[in-house]
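Student: Quick one: the structure is below, questions incoming.
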Amino acid sequence: MRINKEQRVGVFVDVQNLYYSAKNLYKAKVNFSQVLKSAVAGRKLVRAKAYVIKADIKEEKGFHDALEKIGYEVRSKDLQTFTGGAKKGDWDIGIAMDMIELANKLDTLILVSGDGDFVDLLQHLRRAMGCWIEVMAFGPSSSSKLREEADEFIDMDKFKVKYLMKY
């Protein structure tokens with residue numbers, strides 16, 4: 001891992017992606033405090049954003065408050081319900097816009113997601129904007145193209161004890 005204590009870093013966490021990866025792969029919860037600590041790795045944190053979908057469940061407010069106490073700026077969006085009952089909620093465009101807007105203020109951008117939809121974004125940030133890109137995700141649920149596009153991929157699966165908590 002390329003660590004320079006003077007690097008300005010931004011951390012962008014796709015909470016739903018991590019939540020469902022941990023739940024489906026390991027039947028566990030994510031330790032978001034440890035995720036942030038590992039992502040920053042002693043460098044200068046400029047921004048840490050956690051993107052969440054509001055699902056109207058009672059534990060939600062406490063979870064969002066906990067994320068803020070850890071040091072994340074929580075961005076939330078309502079779950080969309082479509083005619084026919086289908087539900088959708090994702091932050092892909094919001095995450096992409098935030099990363100592009102903050103890129104010139106950062107040395108390293110850290111995407112915490114395994115979602116392959118971010119490949120084009122990473123290509124743009126690396127090639128057009130000259131940014132160093134790190135991706136953190138659970139290997140088994142992350143896109144191989146996303147891993148290849150990152151300058152550095154941190155496989156959270158290799159350190160499950162550190163990143164997971166029991167229900």
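Letters for chains follow the order of the structure tokens (A, B, ...), residue numbers begin at 1 for each chain, and ligand numbers begin at 1 in the order shown.
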Could you go through stretch 28-161 of chain A and tell me which residues DSSP, when run on the backbone, assigns to strand (DSSP E or B), listing them as a PyMOL selection string?

Tutor: chain A and resi 28-30+44-54+73-78+80-81+87-88+108-112+132-137+152-155

Student: Excluding A:Asp98 and its own-chain neighbours fewer than 4 positions away, which residues fall within 12 Å of it when counting only C-alpha atoms? Please give them as a compact mmCIF listing (two decimals) with C-alpha atoms, in the first residue's frame.

Tutor:
# COMPACT_ATOMS: atom_id res chain seq x y z
CA GLY A 10 -11.44 11.27 0.83
CA VAL A 11 -13.43 8.16 1.72
CA PHE A 12 -16.70 7.40 -0.08
CA VAL A 13 -18.69 4.50 1.40
CA ARG A 47 -13.88 14.09 3.87
CA ALA A 48 -15.54 10.80 4.75
CA LYS A 49 -18.99 10.30 3.28
CA ALA A 50 -21.38 7.43 3.95
CA TYR A 51 -24.26 7.07 1.49
CA GLU A 73 -20.85 12.81 6.79
CA ARG A 75 -25.92 11.43 2.98
CA TRP A 91 -26.36 6.40 -4.69
CA ASP A 92 -24.20 5.67 -7.75
CA ILE A 93 -24.63 9.09 -9.39
CA GLY A 94 -24.36 10.95 -6.07
CA LEU A 102 -13.73 16.73 -4.51
CA ALA A 103 -11.00 15.17 -6.68
CA ASN A 104 -8.99 18.40 -7.07
CA LYS A 105 -8.84 18.79 -3.25
CA LEU A 106 -7.57 15.26 -2.63
CA LEU A 109 -9.85 8.89 -3.35
CA ILE A 110 -11.02 5.75 -1.59
CA LEU A 111 -14.18 4.08 -2.82
CA LEU A 121 -15.83 6.73 -12.79
CA LEU A 125 -10.61 9.99 -12.02

Student: Just checking: using only C-alpha atoms, which residue out of A:Lys69, A:Lys23, A:Lys145, A:Lys77 ends up closest to A:Asp56?

Tutor: A:Lys77

Student: List every residue of chain A that DSSP, applied to the backbone of this structure, assigns to helix (DSSP H, G or I), and report them as a PyMOL selection string.

Tutor: chain A and resi 15-26+32-40+60-70+92-105+116-127+139-141+144-149+156-163

Student: Determine the nearest neighbour of A:Gln34 from the options A:Val52, A:Val119, A:Val161, A:Val46, counting only C-alpha atoms.

Tutor: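 Checking each candidate against A:Gln34, we get A:Val161 as the closest.
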
Student: Take atom CA of A:Asn17 and atom CA of A:Asp65 and report the distance between them in Å, one decimal.

Tutor: 19.2 Å

Student: Would you pick out the contacts of A:Arg43 at 7 Å or less, using only C-alpha atoms, so that residues sharing its chain but fewer than 5 positions from it are not included, and give the list as a ChimeraX atom specification?

Tutor: /A:4-9

Student: For the selection just defined, write its residues with C-alpha atoms to a file, as a PDB file, in the first residue's frame.

Tutor:
ATOM      1  CA  ASN A   4       2.346   9.030   2.628  1.00  0.00           C
ATOM      2  CA  LYS A   5       1.236  10.713   5.860  1.00  0.00           C
ATOM      3  CA  GLU A   6       0.854  14.016   3.969  1.00  0.00           C
ATOM      4  CA  GLN A   7      -1.674  12.601   1.500  1.00  0.00           C
ATOM      5  CA  ARG A   8      -5.101  14.217   1.602  1.00  0.00           C
ATOM      6  CA  VAL A   9      -7.707  11.473   1.400  1.00  0.00           C
TER       7      VAL A   9
END

Student: If you count only C-alpha atoms, which residues fall within 10 Å of A:Gly139, apart from same-chain ones fewer than 2 positions away, as a ChimeraX atom specification?

Tutor: /A:21,114,136-137,141-144,147,153-158

Student: Can you pull out every residue within 7 Å of A:Lys54, counting only C-alpha atoms, but drop anything in the same chain fewer than 3 positions away, and send it as a tab-separated table (two decimals) with N, CA and C atoms, in the first residue's frame?

Tutor:
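Result saved to around-v7.tsv:
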chain	number	residue	atom	x	y	z
A	76	SER	N	-28.25	10.77	2.96
A	76	SER	CA	-29.33	9.79	2.88
A	76	SER	C	-30.31	10.14	1.77
A	77	LYS	N	-30.95	9.08	1.29
A	77	LYS	CA	-31.91	9.20	0.20
A	77	LYS	C	-33.04	8.23	0.50
A	78	ASP	N	-34.25	8.61	0.15
A	78	ASP	CA	-35.40	7.74	0.36
A	78	ASP	C	-35.38	6.55	-0.60
A	79	LEU	N	-35.87	5.43	-0.11
A	79	LEU	CA	-36.07	4.24	-0.93
A	79	LEU	C	-37.23	4.54	-1.88
